[in-house]
$ cat start_30.tsv   # TSV, C-alpha atoms
chain	number	residue	atom	x	y	z
O	819	MET	CA	0.00	0.00	0.00
O	820	THR	CA	1.48	3.38	-0.96
O	821	LEU	CA	1.66	6.32	1.47
O	822	TYR	CA	-1.13	8.06	-0.49
O	823	THR	CA	-3.54	5.15	-0.30
O	824	ALA	CA	-2.70	4.57	3.36
O	825	GLU	CA	-3.51	8.20	4.13
O	826	ALA	CA	-6.71	8.01	2.11
O	827	ALA	CA	-7.71	4.90	4.03
O	828	ARG	CA	-7.01	6.61	7.36
O	829	VAL	CA	-9.10	9.67	6.45
O	830	ALA	CA	-11.93	7.49	5.14
O	831	ALA	CA	-12.06	5.39	8.32
O	832	PRO	CA	-11.01	7.44	11.32
O	833	PRO	CA	-10.52	5.70	14.69
O	834	ALA	CA	-13.87	4.60	16.01
O	835	ALA	CA	-13.41	5.95	19.51
O	836	LEU	CA	-12.68	9.63	18.72
O	837	PRO	CA	-14.66	11.80	21.15
O	838	VAL	CA	-17.35	13.95	19.58
O	839	SER	CA	-16.05	17.54	19.33
O	840	GLY	CA	-18.83	18.91	21.54
O	841	LYS	CA	-17.91	16.50	24.30
O	842	LEU	CA	-14.20	17.31	23.95
O	843	GLY	CA	-15.00	21.01	24.10
O	844	MET	CA	-17.04	20.56	27.27
O	845	TRP	CA	-14.24	18.58	28.95
O	846	LEU	CA	-11.73	21.32	28.06
O	847	PHE	CA	-14.10	23.90	29.54
O	848	LEU	CA	-14.45	21.81	32.71
O	849	ALA	CA	-10.65	21.71	32.98
O	850	SER	CA	-10.67	25.51	33.08
O	851	GLU	CA	-13.38	25.37	35.74
O	852	VAL	CA	-11.15	23.11	37.84
O	853	ILE	CA	-8.51	25.88	37.72
O	854	LEU	CA	-11.13	28.45	38.76
O	855	PHE	CA	-12.56	26.54	41.71
O	856	GLY	CA	-9.24	24.88	42.51
O	857	GLY	CA	-7.52	28.21	43.05
O	858	LEU	CA	-10.29	29.42	45.33
O	859	ILE	CA	-10.50	26.17	47.27
O	860	ALA	CA	-6.71	25.86	47.62
O	861	SER	CA	-6.60	29.41	49.03
O	862	TYR	CA	-9.35	28.55	51.51
O	863	VAL	CA	-7.65	25.31	52.60
O	864	VAL	CA	-4.36	27.09	53.22
O	865	MET	CA	-5.97	29.97	55.13
O	866	ARG	CA	-8.10	27.55	57.15
O	867	LEU	CA	-5.05	25.52	58.19
O	868	ALA	CA	-3.35	28.73	59.28
O	869	ARG	CA	-6.39	29.93	61.23
O	870	PRO	CA	-7.86	27.24	63.51
O	871	GLY	CA	-10.33	29.84	64.83
O	872	TRP	CA	-12.30	29.53	61.60
O	873	ALA	CA	-13.75	26.22	62.87
O	874	ALA	CA	-15.78	28.24	65.38
O	875	GLU	CA	-17.08	30.46	62.57
O	876	SER	CA	-18.19	27.49	60.47
O	877	ALA	CA	-20.12	26.17	63.49
O	878	HIS	CA	-22.69	28.90	62.74
O	879	LEU	CA	-23.61	27.18	59.47
O	880	SER	CA	-26.52	24.77	59.20
O	881	VAL	CA	-25.11	21.30	58.55
O	882	MET	CA	-28.65	20.02	58.03
O	883	LEU	CA	-29.42	22.47	55.22
O	884	GLY	CA	-26.01	21.84	53.68
O	885	ALA	CA	-26.64	18.09	53.80
O	886	VAL	CA	-30.09	18.46	52.26
O	887	ASN	CA	-28.53	20.53	49.47
O	888	THR	CA	-25.93	17.82	48.94
O	889	ALA	CA	-28.66	15.22	48.58
O	890	VAL	CA	-30.54	17.54	46.22
O	891	LEU	CA	-27.54	17.98	43.92
O	892	LEU	CA	-26.59	14.29	43.96
O	893	THR	CA	-30.17	13.43	42.99
O	894	SER	CA	-30.17	16.06	40.25
O	895	SER	CA	-26.99	14.48	38.83
O	896	PHE	CA	-28.88	11.19	38.79
O	897	SER	CA	-31.87	12.75	37.05
O	898	ILE	CA	-29.85	14.44	34.31
O	899	VAL	CA	-27.94	11.28	33.50
O	900	MET	CA	-31.29	9.48	33.33
O	901	ALA	CA	-32.38	12.18	30.86
O	902	HIS	CA	-29.25	11.39	28.83
O	903	ARG	CA	-30.18	7.71	28.88
O	904	ALA	CA	-33.74	8.56	27.87
O	905	VAL	CA	-32.43	10.49	24.84
O	906	ASP	CA	-30.72	7.24	23.73
O	907	ARG	CA	-33.52	4.85	24.66
O	908	GLU	CA	-37.01	5.91	25.70
O	909	GLY	CA	-37.21	9.16	23.73
O	910	ALA	CA	-37.65	12.89	24.18
O	911	ALA	CA	-40.84	12.71	26.24
O	912	VAL	CA	-39.16	10.70	29.01
O	913	ALA	CA	-36.04	12.86	28.72
O	914	ALA	CA	-38.26	15.91	29.27
O	915	ARG	CA	-39.57	14.45	32.54
O	916	TRP	CA	-36.07	13.80	33.84
O	917	LEU	CA	-34.94	17.27	32.73
O	918	THR	CA	-37.92	18.78	34.57
O	919	LEU	CA	-36.82	17.02	37.76
O	920	THR	CA	-33.25	18.26	37.22
O	921	VAL	CA	-34.36	21.87	36.79
O	922	LEU	CA	-36.67	21.67	39.82
O	923	LEU	CA	-33.92	20.21	42.01
O	924	GLY	CA	-31.56	22.97	40.87
O	925	LEU	CA	-34.13	25.56	41.89
O	926	VAL	CA	-34.59	23.82	45.26
O	927	PHE	CA	-30.82	24.03	45.79
O	928	LEU	CA	-30.83	27.77	45.12
O	929	CYS	CA	-33.83	28.31	47.41
O	930	ILE	CA	-32.14	26.48	50.27
O	931	LYS	CA	-28.94	28.43	49.68
O	932	GLY	CA	-30.96	31.63	49.78
O	933	ILE	CA	-32.58	30.61	53.04
O	934	GLU	CA	-29.15	29.91	54.51
O	935	TRP	CA	-27.70	33.24	53.40
O	936	ARG	CA	-30.73	35.10	54.69
O	937	GLY	CA	-30.30	33.49	58.09
O	938	GLU	CA	-26.57	34.11	58.21
O	939	LEU	CA	-26.82	37.71	57.06
O	940	GLY	CA	-29.65	38.26	59.55
O	941	ALA	CA	-27.43	36.95	62.32
O	942	GLY	CA	-24.82	39.55	61.39
O	943	PHE	CA	-22.44	37.36	59.39
O	944	ALA	CA	-21.71	39.40	56.28
O	945	PRO	CA	-18.86	38.91	53.76
O	946	SER	CA	-17.00	41.72	55.51
O	947	THR	CA	-17.34	40.08	58.95
O	948	GLY	CA	-14.11	38.19	58.58
O	949	GLY	CA	-11.92	35.99	56.41
O	950	PHE	CA	-14.01	32.86	56.85
O	951	TRP	CA	-17.25	34.60	55.87
O	952	SER	CA	-15.57	36.30	52.94
O	953	PHE	CA	-14.48	32.92	51.63
O	954	TYR	CA	-17.86	31.34	52.47
O	955	TYR	CA	-19.94	33.83	50.48
O	956	THR	CA	-17.43	33.90	47.58
O	957	MET	CA	-17.18	30.13	47.22
O	958	THR	CA	-20.87	29.36	47.70
O	959	GLY	CA	-21.81	32.41	45.62
O	960	LEU	CA	-19.59	31.39	42.71
O	961	HIS	CA	-20.98	27.87	42.96
O	962	ALA	CA	-24.56	29.20	43.03
O	963	LEU	CA	-23.84	31.25	39.88
O	964	HIS	CA	-22.71	28.04	38.18
O	965	VAL	CA	-25.86	26.26	39.37
O	966	THR	CA	-27.94	29.10	37.93
O	967	ALA	CA	-26.20	28.84	34.57
O	968	GLY	CA	-26.79	25.07	34.61
O	969	ILE	CA	-30.49	25.57	35.35
O	970	VAL	CA	-30.77	27.91	32.34
O	971	ILE	CA	-29.04	25.39	30.05
O	972	ASN	CA	-31.09	22.48	31.33
O	973	GLY	CA	-34.23	24.58	31.03
O	974	ILE	CA	-33.52	25.32	27.37
O	975	LEU	CA	-33.03	21.60	26.68
O	976	LEU	CA	-36.26	20.86	28.56
O	977	LEU	CA	-38.17	23.33	26.38
O	978	LEU	CA	-36.69	21.76	23.24
O	979	ALA	CA	-37.64	18.29	24.45
O	980	ALA	CA	-41.16	19.39	25.36
O	981	ALA	CA	-41.57	21.01	21.92
O	982	GLY	CA	-40.42	17.83	20.15
O	983	ARG	CA	-37.32	19.57	18.83
O	984	LEU	CA	-34.68	17.73	20.85
O	985	ALA	CA	-33.77	15.07	18.27
O	986	PRO	CA	-31.29	17.11	16.18
O	987	VAL	CA	-29.42	18.27	19.30
O	988	GLY	CA	-29.90	15.26	21.58
O	989	ARG	CA	-26.15	14.97	22.28
O	990	ARG	CA	-26.35	18.30	24.09
O	991	VAL	CA	-28.17	16.61	26.98
O	992	GLU	CA	-25.00	14.60	27.56
O	993	PHE	CA	-22.80	17.72	27.37
O	994	ALA	CA	-25.08	19.71	29.69
O	995	GLY	CA	-24.99	16.70	31.99
O	996	LEU	CA	-21.20	16.79	32.09
O	997	TYR	CA	-21.33	20.44	33.21
O	998	TRP	CA	-24.02	19.65	35.79
O	999	HIS	CA	-22.06	16.71	37.22
O	1000	PHE	CA	-19.01	18.96	37.57
O	1001	VAL	CA	-21.06	21.52	39.51
O	1002	ASP	CA	-22.19	18.62	41.71
O	1003	ILE	CA	-18.61	17.42	42.26
O	1004	VAL	CA	-17.55	20.92	43.34
O	1005	TRP	CA	-20.31	20.89	45.97
O	1006	ILE	CA	-19.31	17.35	47.04
O	1007	PHE	CA	-16.03	18.91	48.21
O	1008	LEU	CA	-17.35	22.32	49.29
O	1009	PHE	CA	-19.87	20.80	51.70
O	1010	PRO	CA	-17.39	18.93	53.94
O	1011	LEU	CA	-14.78	21.66	53.54
O	1012	ILE	CA	-17.03	24.45	54.78
O	1013	TYR	CA	-19.67	22.68	56.89
O	1014	LEU	CA	-18.21	19.50	58.37
O	1015	ILE	CA	-14.64	20.23	59.48
R	614	MET	CA	-29.28	10.39	18.69
R	615	SER	CA	-26.60	7.93	19.72
R	616	SER	CA	-27.50	4.53	21.04
R	617	THR	CA	-23.89	3.46	21.46
R	618	THR	CA	-23.27	5.07	24.86
R	619	HIS	CA	-22.86	2.54	27.63
R	620	HIS	CA	-25.42	3.20	30.37
R	621	PRO	CA	-24.52	1.50	33.67
R	622	ASP	CA	-26.84	1.06	36.68
R	623	TYR	CA	-27.37	4.73	37.51
R	624	THR	CA	-29.86	3.94	40.28
R	625	GLY	CA	-27.30	1.76	42.05
R	626	VAL	CA	-24.70	4.51	41.80
R	627	TRP	CA	-27.20	7.06	43.20
R	628	LEU	CA	-27.96	4.78	46.17
R	629	CYS	CA	-24.21	4.46	46.86
R	630	LEU	CA	-23.87	8.24	46.74
R	631	MET	CA	-26.70	8.69	49.23
R	632	GLY	CA	-25.14	6.10	51.54
R	633	LEU	CA	-21.74	7.78	51.35
R	634	MET	CA	-23.31	11.14	52.12
R	635	LEU	CA	-24.99	9.73	55.24
R	636	ALA	CA	-21.71	8.09	56.25
R	637	SER	CA	-19.96	11.48	55.98
R	638	LEU	CA	-22.52	12.97	58.33
R	639	ALA	CA	-22.04	10.10	60.79
R	640	VAL	CA	-18.25	10.50	60.99
R	641	GLY	CA	-18.63	13.34	63.48
R	642	ASN	CA	-20.29	10.94	65.94
R	643	LEU	CA	-17.50	8.36	65.88
R	644	GLY	CA	-15.36	10.10	68.50
R	645	LEU	CA	-12.36	10.36	66.20
R	646	SER	CA	-9.72	13.08	66.51
R	647	ALA	CA	-10.29	16.09	64.27
R	648	PRO	CA	-7.53	15.33	61.73
R	649	VAL	CA	-8.60	11.66	61.41
R	650	ALA	CA	-12.26	12.64	61.07
R	651	ALA	CA	-11.38	15.24	58.42
R	652	ALA	CA	-9.28	12.72	56.48
R	653	LEU	CA	-12.13	10.19	56.57
R	654	ILE	CA	-14.69	12.78	55.48
R	655	PHE	CA	-12.56	13.85	52.52
R	656	LEU	CA	-11.87	10.22	51.61
R	657	LEU	CA	-15.64	9.66	51.44
R	658	ALA	CA	-15.99	12.86	49.37
R	659	GLY	CA	-13.31	11.59	47.02
R	660	VAL	CA	-15.15	8.30	46.56
R	661	LYS	CA	-18.39	10.17	45.84
R	662	ALA	CA	-16.62	12.39	43.28
R	663	LEU	CA	-15.05	9.32	41.65
R	664	LEU	CA	-18.45	7.60	41.37
R	665	VAL	CA	-19.96	10.69	39.71
R	666	ALA	CA	-16.96	11.07	37.38
R	667	LEU	CA	-16.65	7.41	36.43
R	668	TYR	CA	-20.32	6.48	36.04
R	669	PHE	CA	-22.43	9.62	35.62
R	670	MET	CA	-19.78	11.35	33.48
R	671	HIS	CA	-18.94	8.02	31.80
R	672	LEU	CA	-15.18	8.33	32.24
R	673	ARG	CA	-15.16	4.60	33.02
R	674	PHE	CA	-16.15	3.96	29.42
R	675	GLU	CA	-14.31	6.74	27.63
R	676	GLN	CA	-10.78	7.02	26.27
R	677	ILE	CA	-8.25	7.52	29.05
R	678	ALA	CA	-7.06	10.71	27.31
R	679	LEU	CA	-10.37	12.34	28.21
R	680	ALA	CA	-9.67	11.77	31.89
R	681	GLY	CA	-6.20	13.21	31.28
R	682	ILE	CA	-7.78	16.55	30.36
R	683	LEU	CA	-9.17	16.71	33.88
R	684	LEU	CA	-6.15	15.23	35.64
R	685	ALA	CA	-3.80	17.98	34.46
R	686	PRO	CA	-5.52	20.86	36.32
R	687	LEU	CA	-6.09	18.57	39.32
R	688	ALA	CA	-2.34	17.98	39.44
R	689	LEU	CA	-1.79	21.76	39.31
R	690	PHE	CA	-4.25	22.12	42.20
R	691	ALA	CA	-2.29	19.59	44.25
R	692	VAL	CA	0.99	21.38	43.47
R	693	LEU	CA	-0.57	24.71	44.50
R	694	LEU	CA	-1.61	23.24	47.84
R	695	LEU	CA	1.75	21.61	48.47
R	696	VAL	CA	3.60	24.84	47.69
R	697	LEU	CA	1.32	27.18	49.68
R	698	ILE	CA	0.75	25.15	52.85
R	699	PRO	CA	4.33	25.38	54.20
R	700	GLU	CA	4.39	29.08	53.32
R	701	PHE	CA	1.23	30.03	55.18
R	702	VAL	CA	0.86	27.50	57.95
R	703	SER	CA	4.41	27.99	59.25
R	704	THR	CA	3.87	31.76	59.52
R	705	ALA	CA	0.49	31.52	61.29
R	706	PRO	CA	-0.07	34.21	63.96

$ encode --input "start_30.tsv" --output "structure tokens"
Amino acid sequence: MTLYTAEAARVAAPPAALPVSGKLGMWLFLASEVILFGGLIASYVVMRLARPGWAAESAHLSVMLGAVNTAVLLTSSFSIVMAHRAVDREGAAVAARWLTLTVLLGLVFLCIKGIEWRGELGAGFAPSTGGFWSFYYTMTGLHALHVTAGIVINGILLLLAAAGRLAPVGRRVEFAGLYWHFVDIVWIFLFPLIYLI
Amino acid sequence: MSSTTHHPDYTGVWLCLMGLMLASLAVGNLGLSAPVAAALIFLLAGVKALLVALYFMHLRFEQIALAGILLAPLALFAVLLLVLIPEFVSTAP
């Protein structure tokens, strides 16, 4: 086989397991998000180790509400991956139901976060109160912004599914799911970091 | 729409995640020292994150290079911690 025909054969039959470009793009974006949250979390960890008094500050947080929010996000990760499975198997109508649950759980998370902040601000713990509270509102606020963006994306996919227009862009449920799972993973570490230790 | 994606038992994974979350909450009642309790809690968090990454994000079934995209910034994160901790903790007031 000449070099030309070998190259033609390679172009005609690319490796079967190449990731779809949308998926690759999402993973690259998530890598940048790891840098964003990683920098913030690393700073908090270092400051926390240097200031044992911050443990007393974190005692003012509601572990119960934080735990409920953790369960809410873990369940929403489950529901969006079930929506992804439904796109492949049961169809757009079932995917729409799972996406509805995902959006609702995201909204529940934000509501609970709002209730927490309202309580903490009412008790006099503002971002300017001290280093711990500055980190707390920044980290949970940045995370909540990401949850909000995820809700918008999932909501758009839900509307497409409900309108019967999901088929051409069905892969996007998987990509949106990757983003949503990442937001969940960030909270999986934020919760023990801020609430439990 | 693709029907070639491998879909594992998502319900089973979700139940494991719920169990691990409850276990994390229970660690505080075990009477362990603070550093040991913290290590155990973060170990459980790490397992939860791995389950989400491997099964919900399908890394278990993807090319290893895809996981490499995520491992690079995680390695940078670890380096950042290792470099900063001696700098800040040793100069604590």

$ residues_around --input "start_30.tsv" --residues "Pro648 in chain R" --least-positions-apart "5" --cutoff "10 Å" --atoms "all atoms listed in the file" --output "mmCIF file with C-alpha atoms, in the coordinates of the input"
data_model
loop_
_atom_site.group_PDB
_atom_site.id
_atom_site.type_symbol
_atom_site.label_atom_id
_atom_site.label_comp_id
_atom_site.auth_asym_id
_atom_site.auth_seq_id
_atom_site.Cartn_x
_atom_site.Cartn_y
_atom_site.Cartn_z
ATOM 1 C CA ILE O 1015 -14.640 20.230 59.480
ATOM 2 C CA LEU R 653 -12.130 10.190 56.570
ATOM 3 C CA ILE R 654 -14.690 12.780 55.480
#

$ interface_residues --input "start_30.tsv" --of "chain O" --to "chain R" --cutoff "7 Å" --atoms "only C-alpha atoms" --output "ChimeraX atom specification"
/O:845-846,849,852-853,856-857,860,864,867-868,889,896,899,903,905-906,985,988-989,996,999,1003,1006-1007,1010,1015

$ atom_distance --input "start_30.tsv" --atom1 "CA of Leu858 in chain O" --atom2 "CA of Leu960 in chain O"
9.9 Å

$ closest_residue --input "start_30.tsv" --among "O:Tyr955, O:Gly973, O:Met900, O:Cys929" --to "Phe943 in chain O" --atoms "all atoms listed in the file"
O:Tyr955

$ atom_distance --input "start_30.tsv" --atom1 "CA of Leu854 in chain O" --atom2 "CA of Gly959 in chain O"
13.3 Å

$ atom_distance --input "start_30.tsv" --atom1 "CA of Gly871 in chain O" --atom2 "CA of Thr958 in chain O"
20.1 Å

$ residues_around --input "start_30.tsv" --residues "Gly924 in chain O" --least-positions-apart "4" --cutoff "7 Å" --atoms "all atoms listed in the file" --output "PyMOL selection string"
chain O and resi 920+928+965+969

$ decode --input "start_30.tsv" --residues "range 663-704 of chain R" --atoms "N, CA and C atoms" --output "short mmCIF file (atom, residue, chain, number, x, y, z; two decimals), in the first residue's frame"
data_model
loop_
_atom_site.label_atom_id
_atom_site.label_comp_id
_atom_site.auth_asym_id
_atom_site.auth_seq_id
_atom_site.Cartn_x
_atom_site.Cartn_y
_atom_site.Cartn_z
N LEU R 663 -15.48 10.35 42.61
CA LEU R 663 -15.05 9.32 41.65
C LEU R 663 -16.26 8.61 41.04
N LEU R 664 -17.25 8.28 41.88
CA LEU R 664 -18.45 7.60 41.37
C LEU R 664 -19.17 8.47 40.35
N VAL R 665 -19.30 9.78 40.65
CA VAL R 665 -19.96 10.69 39.71
C VAL R 665 -19.14 10.78 38.42
N ALA R 666 -17.82 10.91 38.56
CA ALA R 666 -16.96 11.07 37.38
C ALA R 666 -16.93 9.80 36.53
N LEU R 667 -16.80 8.65 37.18
CA LEU R 667 -16.65 7.41 36.43
C LEU R 667 -17.95 6.93 35.80
N TYR R 668 -19.07 7.07 36.52
CA TYR R 668 -20.32 6.48 36.04
C TYR R 668 -21.31 7.50 35.48
N PHE R 669 -21.51 8.62 36.17
CA PHE R 669 -22.43 9.62 35.62
C PHE R 669 -21.80 10.36 34.45
N MET R 670 -20.48 10.65 34.56
CA MET R 670 -19.78 11.35 33.48
C MET R 670 -19.15 10.37 32.48
N HIS R 671 -19.35 9.08 32.73
CA HIS R 671 -18.94 8.02 31.80
C HIS R 671 -17.44 7.92 31.56
N LEU R 672 -16.62 8.43 32.43
CA LEU R 672 -15.18 8.33 32.24
C LEU R 672 -14.70 6.88 32.26
N ARG R 673 -15.47 6.03 32.95
CA ARG R 673 -15.16 4.60 33.02
C ARG R 673 -15.17 3.96 31.64
N PHE R 674 -15.95 4.58 30.73
CA PHE R 674 -16.15 3.96 29.42
C PHE R 674 -15.56 4.78 28.28
N GLU R 675 -14.88 5.88 28.66
CA GLU R 675 -14.31 6.74 27.63
C GLU R 675 -12.82 6.45 27.45
N GLN R 676 -12.23 7.10 26.44
CA GLN R 676 -10.78 7.02 26.27
C GLN R 676 -10.10 7.63 27.49
N ILE R 677 -8.97 7.05 27.87
CA ILE R 677 -8.25 7.52 29.05
C ILE R 677 -7.76 8.96 28.85
N ALA R 678 -7.55 9.35 27.59
CA ALA R 678 -7.06 10.71 27.31
C ALA R 678 -8.05 11.76 27.78
N LEU R 679 -9.35 11.39 27.78
CA LEU R 679 -10.37 12.34 28.21
C LEU R 679 -10.21 12.63 29.70
N ALA R 680 -9.91 11.58 30.46
CA ALA R 680 -9.67 11.77 31.89
C ALA R 680 -8.39 12.59 32.10
N GLY R 681 -7.44 12.45 31.18
CA GLY R 681 -6.20 13.21 31.28
C GLY R 681 -6.41 14.70 31.22
N ILE R 682 -7.47 15.12 30.47
CA ILE R 682 -7.78 16.55 30.36
C ILE R 682 -8.13 17.10 31.74
N LEU R 683 -8.78 16.27 32.55
CA LEU R 683 -9.17 16.71 33.88
C LEU R 683 -8.04 16.53 34.89
N LEU R 684 -7.21 15.52 34.67
CA LEU R 684 -6.15 15.23 35.64
C LEU R 684 -5.08 16.31 35.67
N ALA R 685 -4.84 16.96 34.52
CA ALA R 685 -3.80 17.98 34.46
C ALA R 685 -4.08 19.14 35.42
N PRO R 686 -5.26 19.79 35.35
CA PRO R 686 -5.52 20.86 36.32
C PRO R 686 -5.61 20.37 37.76
N LEU R 687 -6.05 19.12 37.95
CA LEU R 687 -6.09 18.57 39.32
C LEU R 687 -4.67 18.45 39.87
N ALA R 688 -3.74 18.07 39.01
CA ALA R 688 -2.34 17.98 39.44
C ALA R 688 -1.81 19.37 39.80
N LEU R 689 -2.20 20.37 39.01
CA LEU R 689 -1.79 21.76 39.31
C LEU R 689 -2.36 22.19 40.65
N PHE R 690 -3.60 21.80 40.93
CA PHE R 690 -4.25 22.12 42.20
C PHE R 690 -3.46 21.51 43.35
N ALA R 691 -3.06 20.26 43.19
CA ALA R 691 -2.29 19.59 44.25
C ALA R 691 -0.95 20.28 44.46
N VAL R 692 -0.30 20.68 43.37
CA VAL R 692 0.99 21.38 43.47
C VAL R 692 0.80 22.71 44.20
N LEU R 693 -0.28 23.42 43.86
CA LEU R 693 -0.57 24.71 44.50
C LEU R 693 -0.70 24.53 46.01
N LEU R 694 -1.44 23.51 46.41
CA LEU R 694 -1.61 23.24 47.84
C LEU R 694 -0.27 22.93 48.50
N LEU R 695 0.49 22.04 47.88
CA LEU R 695 1.75 21.61 48.47
C LEU R 695 2.74 22.76 48.60
N VAL R 696 2.67 23.71 47.66
CA VAL R 696 3.60 24.84 47.69
C VAL R 696 3.15 25.88 48.72
N LEU R 697 1.82 26.10 48.82
CA LEU R 697 1.32 27.18 49.68
C LEU R 697 1.26 26.80 51.15
N ILE R 698 0.95 25.54 51.46
CA ILE R 698 0.75 25.15 52.85
C ILE R 698 1.98 25.45 53.73
N PRO R 699 3.18 25.06 53.34
CA PRO R 699 4.33 25.38 54.20
C PRO R 699 4.53 26.89 54.34
N GLU R 700 4.19 27.63 53.31
CA GLU R 700 4.39 29.08 53.32
C GLU R 700 3.46 29.75 54.32
N PHE R 701 2.20 29.34 54.35
CA PHE R 701 1.23 30.03 55.18
C PHE R 701 1.11 29.43 56.57
N VAL R 702 1.11 28.13 56.65
CA VAL R 702 0.86 27.50 57.95
C VAL R 702 2.04 27.73 58.89
N SER R 703 3.25 27.79 58.38
CA SER R 703 4.41 27.99 59.25
C SER R 703 4.48 29.42 59.77
N THR R 704 3.81 30.36 59.09
CA THR R 704 3.87 31.76 59.52
C THR R 704 2.56 32.19 60.16
#
